[in-house]
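Data from structure_0.txt: compact mmCIF, C-alpha atoms (C1' of nucleotides)
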```txt
# COMPACT_ATOMS: atom_id res chain seq x y z
CA MET A 1329 -1.03 -2.23 -15.61
CA ASP A 1330 -1.42 -0.21 -12.47
CA ALA A 1331 -2.99 -3.22 -10.78
CA ALA A 1332 -0.11 -5.43 -11.84
CA LEU A 1333 2.48 -3.09 -10.37
CA ARG A 1334 0.53 -2.75 -7.14
CA ALA A 1335 0.23 -6.52 -6.93
CA LEU A 1336 3.95 -7.00 -7.40
CA ALA A 1337 4.76 -4.47 -4.70
CA GLU A 1338 3.84 -7.06 -2.08
CA PRO A 1339 6.62 -9.61 -1.36
CA ARG A 1340 4.19 -12.34 -0.41
CA ARG A 1341 2.47 -12.04 -3.74
CA ARG A 1342 5.76 -12.20 -5.58
CA GLU A 1343 6.55 -15.41 -3.77
CA ILE A 1344 3.15 -16.84 -4.66
CA LEU A 1345 3.72 -15.87 -8.25
CA ARG A 1346 7.03 -17.66 -8.23
CA LEU A 1347 5.43 -20.78 -6.78
CA VAL A 1348 2.92 -21.00 -9.60
CA TRP A 1349 5.30 -19.90 -12.30
CA LEU A 1350 6.22 -23.36 -13.54
CA GLU A 1351 3.37 -25.48 -12.25
CA GLU A 1352 -0.28 -25.20 -11.52
CA LEU A 1353 -1.02 -25.37 -7.80
CA PRO A 1354 -4.21 -25.51 -5.71
CA ALA A 1355 -4.78 -22.74 -3.18
CA THR A 1356 -4.17 -25.00 -0.21
CA SER A 1357 -0.75 -26.07 -1.43
CA ILE A 1358 0.19 -22.47 -1.94
CA ALA A 1359 -1.04 -21.58 1.53
CA ASP A 1360 0.88 -24.51 3.03
CA HIS A 1361 4.06 -22.93 1.77
CA PHE A 1362 3.64 -20.11 4.27
CA ASP A 1363 3.72 -20.99 7.95
CA ASP A 1364 3.20 -17.48 9.21
CA VAL A 1365 -0.02 -16.60 7.46
CA THR A 1366 -3.52 -18.06 7.21
CA ARG A 1367 -5.09 -19.67 4.19
CA SER A 1368 -7.53 -16.81 4.06
CA ALA A 1369 -4.80 -14.26 3.59
CA ILE A 1370 -3.35 -16.29 0.74
CA SER A 1371 -6.77 -16.54 -0.83
CA GLN A 1372 -7.03 -12.78 -0.76
CA HIS A 1373 -3.59 -12.43 -2.28
CA LEU A 1374 -4.62 -14.81 -5.03
CA SER A 1375 -7.63 -12.63 -5.73
CA VAL A 1376 -5.41 -9.61 -6.12
CA LEU A 1377 -3.10 -11.48 -8.46
CA LYS A 1378 -6.03 -12.72 -10.48
CA GLU A 1379 -7.55 -9.24 -10.67
CA ALA A 1380 -4.22 -7.97 -11.93
CA GLY A 1381 -4.20 -10.68 -14.57
CA LEU A 1382 -0.96 -12.13 -13.27
CA VAL A 1383 -2.39 -15.56 -12.54
CA SER A 1384 -5.09 -17.70 -14.08
CA GLU A 1385 -7.58 -19.77 -12.14
CA ARG A 1386 -8.90 -23.14 -13.25
CA ARG A 1387 -11.43 -25.19 -11.37
CA ASP A 1388 -10.91 -28.87 -10.83
CA GLY A 1389 -13.56 -30.40 -8.62
CA THR A 1390 -13.46 -28.67 -5.30
CA ARG A 1391 -10.02 -27.31 -5.98
CA ARG A 1392 -8.94 -24.17 -7.72
CA LEU A 1393 -5.70 -24.43 -9.60
CA TYR A 1394 -3.65 -21.32 -10.06
CA GLN A 1395 -0.88 -20.63 -12.47
CA ALA A 1396 1.17 -17.61 -13.46
CA ARG A 1397 0.48 -15.89 -16.74
CA PRO A 1398 3.91 -15.04 -18.14
CA GLU A 1399 2.36 -13.08 -21.00
CA GLU A 1400 1.05 -10.53 -18.58
CA MET A 1401 4.46 -10.27 -17.00
CA ARG A 1402 5.96 -9.73 -20.42
CA LYS A 1403 3.50 -6.90 -21.04
CA LEU A 1404 4.54 -5.38 -17.77
CA ARG A 1405 8.19 -5.49 -18.73
CA GLU A 1406 7.40 -3.90 -22.06
CA PHE A 1407 5.50 -1.21 -20.22
CA LEU A 1408 8.48 -0.56 -17.98
CA ASP A 1409 10.67 -0.42 -21.06
CA THR A 1410 8.67 2.14 -22.97
CA TYR A 1411 6.79 4.16 -20.37
CA TRP A 1412 9.60 6.49 -19.38
CA THR A 1413 10.98 7.19 -22.80
CA THR A 1414 7.82 7.55 -24.82
CA GLY A 1415 7.69 11.02 -26.34
CA LEU A 1416 6.66 14.37 -25.07
CA GLU A 1417 3.00 13.63 -25.72
CA ARG A 1418 3.07 11.41 -22.68
CA LEU A 1419 4.36 14.23 -20.55
CA ARG A 1420 1.48 16.36 -21.67
CA ASP A 1421 -0.82 13.45 -20.99
CA ALA A 1422 0.53 13.24 -17.48
CA ALA A 1423 -0.26 16.89 -16.90
CA GLU A 1424 -3.80 16.33 -18.17
CA THR A 1425 -4.22 13.42 -15.84
CA ALA A 1426 -3.17 15.58 -12.95
CA GLN A 1427 -5.74 18.17 -13.92
CA ARG A 1428 -8.50 15.62 -14.28
CA ASP A 1429 -7.78 14.18 -10.87
CA LYS A 1430 -8.05 17.62 -9.41
CA GLY A 1431 -11.76 17.77 -10.13
CA VAL A 1432 -12.46 14.22 -9.03
CA THR A 1433 -11.19 14.66 -5.50
CA ASN A 1434 -13.88 17.22 -4.85
CA GLY A 1435 -16.55 15.80 -2.64
CA MET B 663 14.58 -4.09 -5.08
CA ASP B 664 11.59 -4.32 -2.84
CA ALA B 665 11.75 -0.58 -2.30
CA ALA B 666 11.91 0.03 -6.04
CA LEU B 667 8.79 -2.02 -6.71
CA ARG B 668 6.92 -0.35 -3.88
CA ALA B 669 7.95 3.04 -5.22
CA LEU B 670 6.70 2.20 -8.71
CA ALA B 671 3.37 1.00 -7.39
CA GLU B 672 2.33 4.61 -6.93
CA PRO B 673 1.13 6.31 -10.15
CA ARG B 674 2.24 9.73 -9.02
CA ARG B 675 5.76 8.52 -8.51
CA ARG B 676 5.79 6.93 -11.95
CA GLU B 677 4.82 10.30 -13.40
CA ILE B 678 7.59 11.99 -11.47
CA LEU B 679 10.05 9.43 -12.68
CA ARG B 680 8.98 10.05 -16.24
CA LEU B 681 9.41 13.78 -15.80
CA VAL B 682 13.02 13.43 -14.70
CA TRP B 683 13.84 10.63 -17.08
CA LEU B 684 15.37 12.79 -19.79
CA GLU B 685 16.29 15.95 -17.91
CA GLU B 686 17.37 17.03 -14.49
CA LEU B 687 14.67 19.03 -12.75
CA PRO B 688 14.47 20.96 -9.47
CA ALA B 689 11.81 19.88 -6.97
CA THR B 690 9.70 22.97 -7.57
CA SER B 691 9.48 22.38 -11.31
CA ILE B 692 8.39 18.83 -10.67
CA ALA B 693 5.77 19.95 -8.18
CA ASP B 694 4.48 22.54 -10.67
CA HIS B 695 3.47 19.72 -12.99
CA PHE B 696 0.86 18.59 -10.52
CA ASP B 697 -2.07 20.87 -9.89
CA ASP B 698 -3.78 18.69 -7.34
CA VAL B 699 -1.05 18.08 -4.78
CA THR B 700 1.17 20.23 -2.66
CA ARG B 701 4.88 20.69 -3.05
CA SER B 702 5.31 18.86 0.23
CA ALA B 703 3.67 15.72 -1.10
CA ILE B 704 5.96 15.77 -4.11
CA SER B 705 8.96 16.24 -1.86
CA GLN B 706 7.96 13.15 0.06
CA HIS B 707 7.51 11.20 -3.15
CA LEU B 708 10.98 12.28 -4.21
CA SER B 709 12.34 10.97 -0.93
CA VAL B 710 10.77 7.61 -1.58
CA LEU B 711 12.17 7.49 -5.10
CA LYS B 712 15.59 8.49 -3.82
CA GLU B 713 15.47 5.85 -1.08
CA ALA B 714 14.61 3.29 -3.71
CA GLY B 715 17.59 4.41 -5.76
CA LEU B 716 15.40 5.32 -8.70
CA VAL B 717 16.43 8.97 -8.78
CA SER B 718 19.60 10.84 -7.93
CA GLU B 719 19.73 14.15 -6.11
CA ARG B 720 22.25 16.90 -6.82
CA ARG B 721 22.43 20.15 -4.95
CA ASP B 722 22.87 23.38 -6.81
CA GLY B 723 22.68 26.37 -4.48
CA THR B 724 19.25 26.38 -2.88
CA ARG B 725 17.89 23.98 -5.43
CA ARG B 726 17.94 20.22 -5.50
CA LEU B 727 18.09 18.72 -8.94
CA TYR B 728 16.60 15.31 -9.45
CA GLN B 729 17.13 12.89 -12.26
CA ALA B 730 16.12 9.33 -12.96
CA ARG B 731 18.70 6.58 -12.69
CA PRO B 732 18.00 4.31 -15.66
CA GLU B 733 20.62 1.90 -14.41
CA GLU B 734 18.45 1.09 -11.42
CA MET B 735 15.47 0.64 -13.67
CA ARG B 736 17.47 -1.76 -15.77
CA LYS B 737 18.28 -3.76 -12.66
CA LEU B 738 14.62 -3.88 -11.85
CA ARG B 739 13.77 -5.20 -15.29
CA GLU B 740 16.44 -7.83 -14.96
CA PHE B 741 15.00 -8.77 -11.63
CA LEU B 742 11.56 -9.13 -13.16
CA ASP B 743 13.09 -11.22 -15.91
CA THR B 744 14.91 -13.66 -13.70
CA TYR B 745 13.15 -13.73 -10.35
CA TRP B 746 10.41 -16.16 -11.31
CA THR B 747 12.59 -18.59 -13.16
CA THR B 748 15.84 -18.40 -11.23
CA GLY B 749 16.94 -21.95 -10.58
CA LEU B 750 18.59 -21.97 -7.18
CA GLU B 751 16.14 -19.88 -5.24
CA ARG B 752 13.17 -21.47 -6.81
CA LEU B 753 14.42 -25.01 -6.52
CA ARG B 754 15.20 -24.49 -2.86
CA ASP B 755 11.73 -23.15 -2.21
CA ALA B 756 10.17 -25.89 -4.26
CA ALA B 757 12.05 -28.48 -2.24
CA GLU B 758 10.82 -26.96 0.99
CA THR B 759 7.32 -26.90 -0.32
CA ALA B 760 7.52 -30.48 -1.44
CA GLN B 761 8.73 -31.57 1.97
CA ARG B 762 6.08 -29.60 3.73
CA ASP B 763 3.12 -31.05 1.89
CA LYS B 764 4.49 -34.32 0.69
CA GLY B 765 2.46 -35.45 -2.29
CA VAL B 766 -0.59 -33.54 -1.23
CA THR B 767 -1.21 -32.22 -4.71
CA ASN B 768 -1.64 -34.08 -7.91
CA GLY B 769 -0.36 -37.56 -8.12
C1' DC C 321 20.98 42.54 8.60
C1' DA C 322 16.23 41.59 6.64
C1' DC C 323 13.76 39.39 2.68
C1' DT C 324 12.96 35.93 -0.53
C1' DT C 325 13.38 31.51 -2.81
C1' DA C 326 13.87 26.57 -2.59
C1' DC C 327 12.82 22.57 -0.17
C1' DG C 328 12.98 19.13 3.53
C1' DT C 329 10.57 17.71 7.95
C1' DA C 330 7.17 17.26 11.80
C1' DA C 331 2.60 16.26 13.08
C1' DG C 332 -1.79 14.93 12.20
C1' DT C 333 -5.64 12.64 9.28
C1' DA C 334 -8.43 9.82 6.17
C1' DA C 335 -7.95 6.02 3.28
C1' DT C 336 -5.99 1.75 2.10
C1' DC C 337 -3.72 -2.65 3.16
C1' DA C 338 -2.55 -7.17 5.02
C1' DC C 339 -4.09 -9.76 8.19
C1' DT C 340 -7.23 -12.38 11.49
C1' DT C 341 -11.51 -15.16 12.83
C1' DA C 342 -15.94 -16.81 11.61
C1' DC C 343 -18.82 -18.31 8.23
C1' DC C 344 -20.81 -20.16 3.86
C1' DA C 345 -20.84 -22.59 -0.63
C1' DT C 346 -19.49 -26.22 -3.41
C1' DG C 347 -17.85 -30.69 -4.70
C1' DT C 348 -16.31 -35.70 -3.50
C1' DG C 349 -16.62 -40.19 -1.31
C1' DT C 350 -19.24 -43.33 1.85
C1' DA D 1114 -28.15 -37.80 3.39
C1' DC D 1115 -23.83 -37.27 5.92
C1' DA D 1116 -19.07 -36.05 6.76
C1' DC D 1117 -15.14 -34.04 4.93
C1' DA D 1118 -12.09 -31.31 2.16
C1' DT D 1119 -11.42 -27.06 -0.52
C1' DG D 1120 -11.56 -22.33 -0.64
C1' DG D 1121 -13.93 -17.82 -1.27
C1' DT D 1122 -16.12 -13.96 1.55
C1' DA D 1123 -17.62 -10.80 5.42
C1' DA D 1124 -16.31 -8.07 9.26
C1' DG D 1125 -13.10 -6.16 12.08
C1' DT D 1126 -8.20 -4.56 13.50
C1' DG D 1127 -3.54 -2.61 13.57
C1' DA D 1128 -0.11 -0.85 10.50
C1' DT D 1129 1.09 1.72 6.59
C1' DT D 1130 0.36 5.27 3.11
C1' DA D 1131 -0.53 9.62 0.74
C1' DC D 1132 -1.82 13.60 1.81
C1' DT D 1133 -2.38 18.24 4.35
C1' DT D 1134 -0.69 22.44 7.11
C1' DA D 1135 2.89 24.50 9.72
C1' DC D 1136 7.51 25.11 10.54
C1' DG D 1137 12.66 24.96 10.05
C1' DT D 1138 16.78 25.47 7.37
C1' DA D 1139 20.02 26.74 3.91
C1' DA D 1140 21.44 29.72 0.16
C1' DG D 1141 21.09 33.75 -2.58
C1' DT D 1142 19.92 39.24 -3.02
C1' DG D 1143 19.18 44.04 -1.46
```

Structure translated into structure tokens:
Amino acid sequence: MDAALRALAEPRRREILRLVWLEELPATSIADHFDDVTRSAISQHLSVLKEAGLVSERRDGTRRLYQARPEEMRKLREFLDTYWTTGLERLRDAAETAQRDKGVTNG
Amino acid sequence: MDAALRALAEPRRREILRLVWLEELPATSIADHFDDVTRSAISQHLSVLKEAGLVSERRDGTRRLYQARPEEMRKLREFLDTYWTTGLERLRDAAETAQRDKGVTNG
DNA sequence: CACTTACGTAAGTAATCACTTACCATGTGT
DNA sequence: ACACATGGTAAGTGATTACTTACGTAAGTG
């Protein structure tokens, strides 16, 4: 969920996601949509989106076809709906997380 | 909207937002919830959240009281709902794409 | 006035990010 | 086998980020 939010924070990735929302597209077609960035950069963005589960990848010969995964987006929206208002336990959990991180940063 | 998504990409800021979701809190109280960061860091996070419109700030003597603005969060959710499937924007982009790589993809 | 509390801001730093170029692997058609 | 098209990956770079310490500022209290 963290990965999904980080992925969506980048405008270019949002645009990519919109491109492949309704139809499957090969990486090159997606890259062609952007005149100010290289194919390599788009490939890296696609990796991030895939890692975040926001797009699926399907191989077809030498091409890789990408498409959005609306289910994952729905999960994200549900997360945004419930995260802030879910009981006091979550507040305590947040405090615990903060404490745990304290030890990790030691190095 | 871009600022809101960027703000939410940071876990610490999500925690802050959750803390001030139900009650108004002064900056110090918020900072006290985190053992592993300084008050200064929290103050900077609060600035980002305020810039993004996700929290409101109210002055009370020497204190600054922060609270989440659920309205802005609702806008964000609406954005996430519609952005990918919004006709006009998407059709315009799709048309541009189609012109750019005329029939390059599947046929 | 001095002292304290609350809190933003400046400056600097290490890590991360988005990007580039160069390269490599794989699959298709001749 | 060869050439070509597709596209991921490595390495490096400049910009941004999240953090720190140090300081400044505004409002209360004696």

With a cut-off of 8 Å, could you pull out the residues of chain D touching chain A and give me the nearest pair of atoms for each, distance in Å to one decimal, using only C-alpha atoms (C1' of nucleotides), ordered by chain and ascending number, as CSV?
```
residue,atom,partner,partner_atom,distance
D:DT1119,C1',A:Thr1390,CA,5.4
D:DG1120,C1',A:Ala1355,CA,7.3
D:DG1121,C1',A:Ser1371,CA,7.3
```

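Going from atom CA of Arg1397 of chain A over to atom CA of Trp1349 of chain A, you cover 7.7 Å.
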
Show me, as a tab-separated table, the residues of chain C having an atom within 9 Å of chain B, each with the closest atom pair and its distance in Å, using all atoms listed in the file.
```
residue	atom	partner	partner_atom	distance
C:DT325	C1'	B:Thr724	CA	7.8
C:DA326	C1'	B:Thr724	CA	5.4
C:DC327	C1'	B:Ala689	CA	7.4
C:DG328	C1'	B:Ser705	CA	7.3
```

Could you write those residues out with C-alpha atoms (C1' of nucleotides), as a PDB file, in the frame of the given file?
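So the final result, stored in selection.pdb, reads:
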```
ATOM      1  C1'  DT C 325      13.380  31.510  -2.810  1.00  0.00           C
ATOM      2  C1'  DA C 326      13.870  26.570  -2.590  1.00  0.00           C
ATOM      3  C1'  DC C 327      12.820  22.570  -0.170  1.00  0.00           C
ATOM      4  C1'  DG C 328      12.980  19.130   3.530  1.00  0.00           C
TER       5       DG C 328
END
```

>> Taking all atoms listed in the file into account and nothing else, which residues of chain B lie no more than 6 Å away from chain A? Please answer as a VMD selection string.
In response: chain B and resid 667 to 668 671 680 696 698 746 759

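Matched residue by residue, the Cα atoms of chain A sit on those of chain B with an RMSD of 6.4 Å after a least-squares fit.
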
Extending 6 Å beyond the listed atoms of segment 668-685 of chain B on each side, what axis-aligned box results? I want centre and edge lengths in Å to one decimal, as AutoDock Vina command-line options.
```
--center_x 8.7 --center_y 7.8 --center_z -11.8 --size_x 27.2 --size_y 28.3 --size_z 27.9
```

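Nearest residue to DC1136 of chain D among C:DA330, C:DC344, C:DC323, C:DC339 is C:DA330, counting only C-alpha atoms (C1' of nucleotides).
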
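Taking atom CA of Glu1351 of chain A and atom CA of Ser1384 of chain A as endpoints, the distance between them is 11.6 Å.
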
> For the atom pair atom CA of Ala1359 of chain A and atom C1' of DA1128 of chain D, what is the interatomic distance in Å to one decimal place?
Replying inline: 22.6 Å
